[in-house]
$ cat input.txt   # compact mmCIF, C-alpha atoms and all ligand atoms
# COMPACT_ATOMS: atom_id res chain seq x y z
CA MET A 17 37.71 -32.50 60.94
CA ASP A 18 35.41 -34.06 58.33
CA GLU A 19 32.67 -32.24 56.41
CA PHE A 20 29.99 -33.37 58.87
CA GLU A 21 31.78 -31.86 61.87
CA GLN A 22 32.64 -28.77 59.85
CA LEU A 23 28.97 -28.16 59.05
CA LYS A 24 28.06 -28.74 62.69
CA ASN A 25 30.51 -26.00 63.66
CA GLU A 26 29.42 -23.57 60.97
CA ILE A 27 25.65 -23.96 61.04
CA PRO A 28 25.00 -22.03 64.29
CA SER A 29 25.81 -18.84 62.36
CA CYS A 30 23.55 -19.63 59.39
CA THR A 31 21.42 -16.70 58.18
CA LEU A 32 20.09 -18.19 54.97
CA CYS A 33 16.45 -17.67 55.93
CA ASP A 34 14.43 -15.45 58.26
CA LEU A 35 14.12 -18.14 60.92
CA CYS A 36 17.60 -17.08 62.06
CA LYS A 37 16.08 -13.86 63.43
CA THR A 38 13.90 -15.54 66.05
CA ARG A 39 15.79 -18.72 66.92
CA THR A 40 17.68 -19.27 70.15
CA HIS A 41 19.68 -22.24 68.88
CA VAL A 42 20.12 -23.99 65.55
CA VAL A 43 19.18 -27.64 65.98
CA PHE A 44 21.70 -29.56 63.90
CA GLY A 45 20.32 -32.99 64.79
CA GLU A 46 21.82 -35.73 66.91
CA GLY A 47 22.43 -39.43 67.18
CA ASN A 48 24.83 -41.88 65.63
CA ARG A 49 26.89 -40.18 62.91
CA HIS A 50 26.77 -43.48 61.00
CA ALA A 51 23.24 -44.51 61.95
CA PRO A 52 21.47 -47.09 59.80
CA ILE A 53 18.21 -45.21 60.38
CA MET A 54 17.50 -41.48 60.03
CA CYS A 55 14.39 -40.00 61.53
CA ILE A 56 13.27 -36.66 60.10
CA GLY A 57 10.66 -34.36 61.57
CA GLU A 58 9.35 -30.90 60.80
CA GLY A 59 11.33 -28.38 62.83
CA PRO A 60 12.40 -27.49 66.35
CA GLY A 61 9.75 -26.52 68.87
CA TYR A 62 10.12 -24.42 72.02
CA TYR A 63 12.19 -26.87 74.06
CA GLU A 64 14.30 -27.89 71.09
CA ASP A 65 15.05 -24.23 70.36
CA MET A 66 15.99 -23.62 74.00
CA GLN A 67 18.27 -26.66 74.23
CA GLY A 68 19.57 -26.90 70.66
CA ARG A 69 18.57 -30.58 70.54
CA PRO A 70 15.90 -32.35 68.45
CA PHE A 71 12.80 -33.93 69.97
CA VAL A 72 13.31 -33.13 73.65
CA GLY A 73 9.76 -31.99 74.51
CA LYS A 74 6.66 -34.14 74.93
CA SER A 75 6.90 -35.36 71.33
CA GLY A 76 10.50 -36.39 71.91
CA ILE A 77 9.63 -38.31 75.06
CA LEU A 78 6.97 -40.22 73.13
CA LEU A 79 9.36 -40.81 70.23
CA ASP A 80 11.99 -42.21 72.60
CA LYS A 81 9.35 -44.58 74.02
CA ILE A 82 8.56 -45.76 70.49
CA PHE A 83 12.28 -46.22 69.76
CA ALA A 84 12.66 -48.19 73.00
CA ALA A 85 9.70 -50.42 72.08
CA CYS A 86 11.45 -51.08 68.76
CA GLY A 87 14.75 -51.90 70.49
CA PHE A 88 16.36 -48.77 69.01
CA THR A 89 18.32 -46.00 70.74
CA ARG A 90 19.34 -42.58 69.50
CA GLN A 91 22.95 -43.37 70.39
CA GLU A 92 23.26 -46.59 68.40
CA HIS A 93 20.60 -46.91 65.72
CA ILE A 94 19.23 -43.47 64.89
CA PHE A 95 20.17 -39.98 63.78
CA ILE A 96 17.34 -37.46 64.22
CA GLY A 97 16.98 -34.25 62.28
CA ASN A 98 14.35 -31.91 60.90
CA ILE A 99 13.33 -30.31 57.62
CA VAL A 100 14.31 -26.90 59.06
CA LYS A 101 16.94 -26.44 61.73
CA CYS A 102 15.57 -23.28 63.35
CA ARG A 103 12.25 -22.94 65.15
CA PRO A 104 9.40 -21.36 63.19
CA PRO A 105 7.86 -18.73 65.50
CA GLY A 106 4.85 -20.06 67.40
CA ASN A 107 5.53 -23.53 65.97
CA ARG A 108 3.89 -22.57 62.66
CA ASP A 109 4.65 -24.71 59.61
CA PRO A 110 7.94 -23.79 57.93
CA GLN A 111 7.35 -21.65 54.84
CA PRO A 112 8.38 -23.02 51.40
CA GLU A 113 11.29 -20.57 51.15
CA GLU A 114 12.52 -21.57 54.62
CA ARG A 115 12.33 -25.25 53.72
CA ALA A 116 14.13 -24.59 50.44
CA ALA A 117 16.91 -22.66 52.19
CA CYS A 118 17.50 -25.38 54.77
CA LEU A 119 16.99 -28.51 52.70
CA PRO A 120 20.53 -28.67 51.26
CA TYR A 121 21.89 -29.09 54.80
CA LEU A 122 19.61 -32.06 55.41
CA LEU A 123 20.45 -33.61 52.04
CA LYS A 124 24.14 -33.34 52.91
CA GLN A 125 23.49 -35.00 56.27
CA ILE A 126 21.64 -37.84 54.55
CA GLU A 127 24.53 -38.28 52.12
CA TRP A 128 27.16 -38.30 54.90
CA ILE A 129 25.25 -40.45 57.39
CA ASP A 130 24.20 -42.78 54.56
CA PRO A 131 21.25 -44.46 56.32
CA LYS A 132 19.61 -47.55 54.88
CA ILE A 133 16.20 -46.50 56.20
CA ILE A 134 14.63 -43.04 56.58
CA ILE A 135 11.58 -42.51 58.79
CA LEU A 136 9.61 -39.39 57.92
CA LEU A 137 7.63 -38.02 60.84
CA GLY A 138 4.57 -36.17 59.59
CA ALA A 139 3.34 -34.32 56.54
CA THR A 140 5.98 -31.58 56.41
CA ALA A 141 8.83 -34.09 56.26
CA LEU A 142 6.96 -36.15 53.66
CA LYS A 143 6.13 -33.17 51.45
CA GLY A 144 9.55 -31.57 51.91
CA LEU A 145 11.60 -34.64 51.03
CA VAL A 146 9.52 -36.91 48.82
CA ASP A 147 6.45 -35.37 47.22
CA PRO A 148 4.82 -31.97 47.85
CA ASN A 149 1.45 -33.43 46.90
CA ALA A 150 1.63 -36.58 49.02
CA ARG A 151 -0.73 -36.99 51.97
CA ILE A 152 0.54 -38.62 55.12
CA THR A 153 -2.80 -40.31 55.78
CA GLN A 154 -2.61 -42.01 52.37
CA VAL A 155 1.03 -43.11 52.22
CA ARG A 156 1.93 -43.81 55.85
CA GLY A 157 2.94 -47.38 56.41
CA THR A 158 4.08 -47.90 52.81
CA TRP A 159 7.70 -48.00 51.67
CA LEU A 160 8.70 -45.09 49.44
CA GLU A 161 12.08 -44.32 47.92
CA LEU A 162 14.41 -41.34 48.14
CA GLN A 163 17.65 -41.45 46.15
CA GLY A 164 17.81 -45.22 46.44
CA ARG A 165 16.99 -45.29 50.17
CA LEU A 166 13.93 -46.81 51.73
CA VAL A 167 11.57 -44.30 53.29
CA MET A 168 8.81 -45.05 55.77
CA PRO A 169 6.38 -42.19 56.33
CA THR A 170 4.42 -42.17 59.56
CA TYR A 171 2.66 -39.74 61.86
CA HIS A 172 4.55 -37.06 63.74
CA PRO A 173 4.55 -37.85 67.48
CA SER A 174 2.73 -34.57 68.14
CA ALA A 175 -0.17 -35.96 66.08
CA LEU A 176 -0.14 -39.07 68.28
CA LEU A 177 -0.30 -36.86 71.38
CA ARG A 178 -3.26 -34.94 69.93
CA ASN A 179 -5.02 -38.09 68.77
CA PRO A 180 -3.91 -41.21 70.70
CA ALA A 181 -6.12 -43.40 68.47
CA LEU A 182 -3.43 -43.00 65.78
CA LYS A 183 -0.84 -44.79 67.94
CA ARG A 184 -1.99 -48.19 66.76
CA GLU A 185 -1.37 -47.28 63.10
CA ALA A 186 1.96 -45.67 63.96
CA TRP A 187 3.08 -48.85 65.73
CA GLU A 188 2.22 -50.84 62.59
CA ASP A 189 4.48 -48.46 60.64
CA PHE A 190 7.34 -48.93 63.09
CA LYS A 191 6.90 -52.70 62.93
CA HIS A 192 7.65 -52.44 59.18
CA VAL A 193 10.85 -50.60 60.11
CA ILE A 194 11.84 -53.32 62.59
CA ASP A 195 11.25 -55.99 59.93
CA LYS A 196 13.30 -54.08 57.37
CA TYR A 197 16.06 -53.44 59.90
CA ARG A 198 16.30 -57.19 60.53
CA GLU A 199 16.25 -57.88 56.80
CA LEU A 200 18.91 -55.33 55.84
CA ILE A 201 21.07 -54.75 58.88
CA ASP A 202 20.77 -57.14 61.82
CA PRO A 203 18.77 -60.38 61.55
CA LYS A 204 19.21 -60.88 65.30
CA HIS A 205 17.86 -57.48 66.32
CA PHE A 206 15.92 -57.93 69.55
CA CYS A 207 12.58 -56.28 70.10
CA ALA A 208 10.42 -57.44 72.99
CA TYR A 209 7.18 -56.45 71.26
CA HIS A 210 7.64 -57.65 67.69
S1 LIG A 301 16.30 -22.74 59.18
FE1 LIG A 301 18.10 -23.59 58.14
S2 LIG A 301 18.49 -22.15 56.44
FE2 LIG A 301 17.15 -21.09 57.88
S3 LIG A 301 18.58 -19.94 59.20
FE3 LIG A 301 18.15 -21.93 60.20
S4 LIG A 301 19.82 -23.27 59.55
FE4 LIG A 301 19.79 -21.52 58.14
$ encode --input "input.txt" --output "structure tokens"
Amino acid sequence: MDEFEQLKNEIPSCTLCDLCKTRTHVVFGEGNRHAPIMCIGEGPGYYEDMQGRPFVGKSGILLDKIFAACGFTRQEHIFIGNIVKCRPPGNRDPQPEERAACLPYLLKQIEWIDPKIIILLGATALKGLVDPNARITQVRGTWLELQGRLVMPTYHPSALLRNPALKREAWEDFKHVIDKYRELIDPKHFCAYH
């Protein structure tokens, strides 16, 4: 068993922060263990906590539609995770100490999966991984860097559900990802819409 699988087995018993007291399941993340793209959100919501899987509620359905429009699947192209792996009660933002406790797990996952491209979904992922002072409205759609990897910040799908007018901008962000994927990984990548 490699380190990745070992962590997956051990993490359900993690008690490093108080979110362990109210969670139903730890959401380790899922997708291709060697995905060229990692997608990182904020934290599990109600349905994710119930099922132990990332992005399975309304936001996840929308995200899968966006992936499909890009010609990406969770199984082949993507690994999805979150800044914290246990649900903050009432879907509140994760507290700084909760993010700090959980971040080493995510950094290990990034190291082991070794993606070429990281998509950050929303402000919490952006602030937690790149810059605590960054604003998603200002940097979305521009390539950033994290430990030598390309990072594309964009809106969290829940923001797109609350404000559908943002979908146009989000699609522009994902088109940058498609272009970069063709440039770095597969020049023949097929996408019906771009
Ligand atoms: S959120 Fe992360 S650090 Fe906190 S208990 Fe869950 S797995 Fe452990």
$ residues_near_ligand --input "input.txt" --ligand "ligand LIG 301 (chain A)" --cutoff "9 Å" --atoms "all atoms listed in the file" --output "PyMOL selection string"
chain A and resi 27-37+39+41-44+59+99-104+110+113-121
$ write_last_selection --input "input.txt" --atoms "C-alpha atoms" --output "CSV table (one decimal), keeping the file's coordinate frame"
chain,number,residue,atom,x,y,z
A,27,ILE,CA,25.6,-24.0,61.0
A,28,PRO,CA,25.0,-22.0,64.3
A,29,SER,CA,25.8,-18.8,62.4
A,30,CYS,CA,23.6,-19.6,59.4
A,31,THR,CA,21.4,-16.7,58.2
A,32,LEU,CA,20.1,-18.2,55.0
A,33,CYS,CA,16.4,-17.7,55.9
A,34,ASP,CA,14.4,-15.4,58.3
A,35,LEU,CA,14.1,-18.1,60.9
A,36,CYS,CA,17.6,-17.1,62.1
A,37,LYS,CA,16.1,-13.9,63.4
A,39,ARG,CA,15.8,-18.7,66.9
A,41,HIS,CA,19.7,-22.2,68.9
A,42,VAL,CA,20.1,-24.0,65.6
A,43,VAL,CA,19.2,-27.6,66.0
A,44,PHE,CA,21.7,-29.6,63.9
A,59,GLY,CA,11.3,-28.4,62.8
A,99,ILE,CA,13.3,-30.3,57.6
A,100,VAL,CA,14.3,-26.9,59.1
A,101,LYS,CA,16.9,-26.4,61.7
A,102,CYS,CA,15.6,-23.3,63.4
A,103,ARG,CA,12.2,-22.9,65.2
A,104,PRO,CA,9.4,-21.4,63.2
A,110,PRO,CA,7.9,-23.8,57.9
A,113,GLU,CA,11.3,-20.6,51.2
A,114,GLU,CA,12.5,-21.6,54.6
A,115,ARG,CA,12.3,-25.2,53.7
A,116,ALA,CA,14.1,-24.6,50.4
A,117,ALA,CA,16.9,-22.7,52.2
A,118,CYS,CA,17.5,-25.4,54.8
A,119,LEU,CA,17.0,-28.5,52.7
A,120,PRO,CA,20.5,-28.7,51.3
A,121,TYR,CA,21.9,-29.1,54.8
$ closest_atom_pairs --input "input.txt" --of "region 78-152 of chain A" --to "region 161-181 of chain A" --cutoff "7 Å" --atoms "all atoms listed in the file" --output "JSON lines"
{"residue": "A:Leu78", "atom": "CA", "partner": "A:Pro173", "partner_atom": "CA", "distance": 6.6}
{"residue": "A:Leu79", "atom": "CA", "partner": "A:Pro173", "partner_atom": "CA", "distance": 6.3}
{"residue": "A:Lys132", "atom": "CA", "partner": "A:Arg165", "partner_atom": "CA", "distance": 5.8}
{"residue": "A:Ile133", "atom": "CA", "partner": "A:Leu166", "partner_atom": "CA", "distance": 5.0}
{"residue": "A:Ile134", "atom": "CA", "partner": "A:Val167", "partner_atom": "CA", "distance": 4.7}
{"residue": "A:Ile135", "atom": "CA", "partner": "A:Met168", "partner_atom": "CA", "distance": 4.8}
{"residue": "A:Leu136", "atom": "CA", "partner": "A:Pro169", "partner_atom": "CA", "distance": 4.6}
{"residue": "A:Leu137", "atom": "CA", "partner": "A:His172", "partner_atom": "CA", "distance": 4.3}
{"residue": "A:Gly138", "atom": "CA", "partner": "A:His172", "partner_atom": "CA", "distance": 4.2}
{"residue": "A:Leu142", "atom": "CA", "partner": "A:Pro169", "partner_atom": "CA", "distance": 6.6}
{"residue": "A:Val146", "atom": "CA", "partner": "A:Leu162", "partner_atom": "CA", "distance": 6.6}
{"residue": "A:Ile152", "atom": "CA", "partner": "A:Thr170", "partner_atom": "CA", "distance": 6.9}
$ residues_near_point --input "input.txt" --point "(16.3, -50.5, 69.5)" --cutoff "12 Å" --atoms "all atoms listed in the file" --output "count of residues only"
33
$ atom_distance --input "input.txt" --atom1 "CA of Thr38 (chain A)" --atom2 "CA of Pro105 (chain A)"
6.9 Å
$ atom_distance --input "input.txt" --atom1 "CA of Val155 (chain A)" --atom2 "CA of Tyr63 (chain A)"
29.4 Å
$ closest_residue --input "input.txt" --among "A:Ile129, A:Pro70, A:Lys124, A:Glu26" --to "Asn48 (chain A)" --atoms "only C-alpha atoms"
A:Ile129
$ closest_residue --input "input.txt" --among "A:Asn25, A:Asp109, A:His50, A:Gly45" --to "Glu127 (chain A)" --atoms "only C-alpha atoms"
A:His50
$ closest_residue --input "input.txt" --among "A:Pro60, A:Pro131, A:Lys196, A:Leu182" --to "Arg156 (chain A)" --atoms "all atoms listed in the file"
A:Leu182
$ closest_residue --input "input.txt" --among "A:Glu64, A:Glu58, A:Asp189, A:Asp195" --to "Gly144 (chain A)" --atoms "only C-alpha atoms"
A:Glu58
$ atom_distance --input "input.txt" --atom1 "CA of Glu185 (chain A)" --atom2 "CA of Leu122 (chain A)"
27.0 Å
$ closest_residue --input "input.txt" --among "A:Glu199, A:Ala139, A:Phe20, A:Ile126" --to "Thr153 (chain A)" --atoms "only C-alpha atoms"
A:Ala139
$ build_atoms --input "input.txt" --residues "region 98-109 of chain A" --atoms "N, CA and C atoms" --output "mmCIF file, in the frame of the given file"
data_model
loop_
_atom_site.group_PDB
_atom_site.id
_atom_site.type_symbol
_atom_site.label_atom_id
_atom_site.label_comp_id
_atom_site.auth_asym_id
_atom_site.auth_seq_id
_atom_site.Cartn_x
_atom_site.Cartn_y
_atom_site.Cartn_z
ATOM 1 N N ASN A 98 15.602 -32.547 61.291
ATOM 2 C CA ASN A 98 14.350 -31.910 60.900
ATOM 3 C C ASN A 98 14.484 -31.264 59.526
ATOM 4 N N ILE A 99 13.348 -30.987 58.924
ATOM 5 C CA ILE A 99 13.330 -30.310 57.620
ATOM 6 C C ILE A 99 13.948 -28.911 57.741
ATOM 7 N N VAL A 100 13.623 -28.180 58.793
ATOM 8 C CA VAL A 100 14.310 -26.900 59.060
ATOM 9 C C VAL A 100 15.004 -26.991 60.418
ATOM 10 N N LYS A 101 16.119 -26.306 60.537
ATOM 11 C CA LYS A 101 16.940 -26.440 61.730
ATOM 12 C C LYS A 101 16.733 -25.322 62.740
ATOM 13 N N CYS A 102 15.889 -24.354 62.401
ATOM 14 C CA CYS A 102 15.570 -23.280 63.350
ATOM 15 C C CYS A 102 14.065 -23.255 63.572
ATOM 16 N N ARG A 103 13.662 -22.873 64.774
ATOM 17 C CA ARG A 103 12.250 -22.940 65.150
ATOM 18 C C ARG A 103 11.405 -21.908 64.403
ATOM 19 N N PRO A 104 10.356 -22.340 63.716
ATOM 20 C CA PRO A 104 9.400 -21.360 63.190
ATOM 21 C C PRO A 104 8.633 -20.739 64.358
ATOM 22 N N PRO A 105 8.508 -19.402 64.367
ATOM 23 C CA PRO A 105 7.860 -18.730 65.500
ATOM 24 C C PRO A 105 6.466 -19.303 65.764
ATOM 25 N N GLY A 106 6.170 -19.544 67.032
ATOM 26 C CA GLY A 106 4.850 -20.060 67.400
ATOM 27 C C GLY A 106 4.595 -21.466 66.904
ATOM 28 N N ASN A 107 5.655 -22.158 66.502
ATOM 29 C CA ASN A 107 5.530 -23.530 65.970
ATOM 30 C C ASN A 107 4.663 -23.610 64.711
ATOM 31 N N ARG A 108 4.610 -22.508 63.948
ATOM 32 C CA ARG A 108 3.890 -22.570 62.660
ATOM 33 C C ARG A 108 4.653 -23.507 61.724
ATOM 34 N N ASP A 109 3.970 -23.907 60.617
ATOM 35 C CA ASP A 109 4.650 -24.710 59.610
ATOM 36 C C ASP A 109 5.776 -23.893 58.984
#
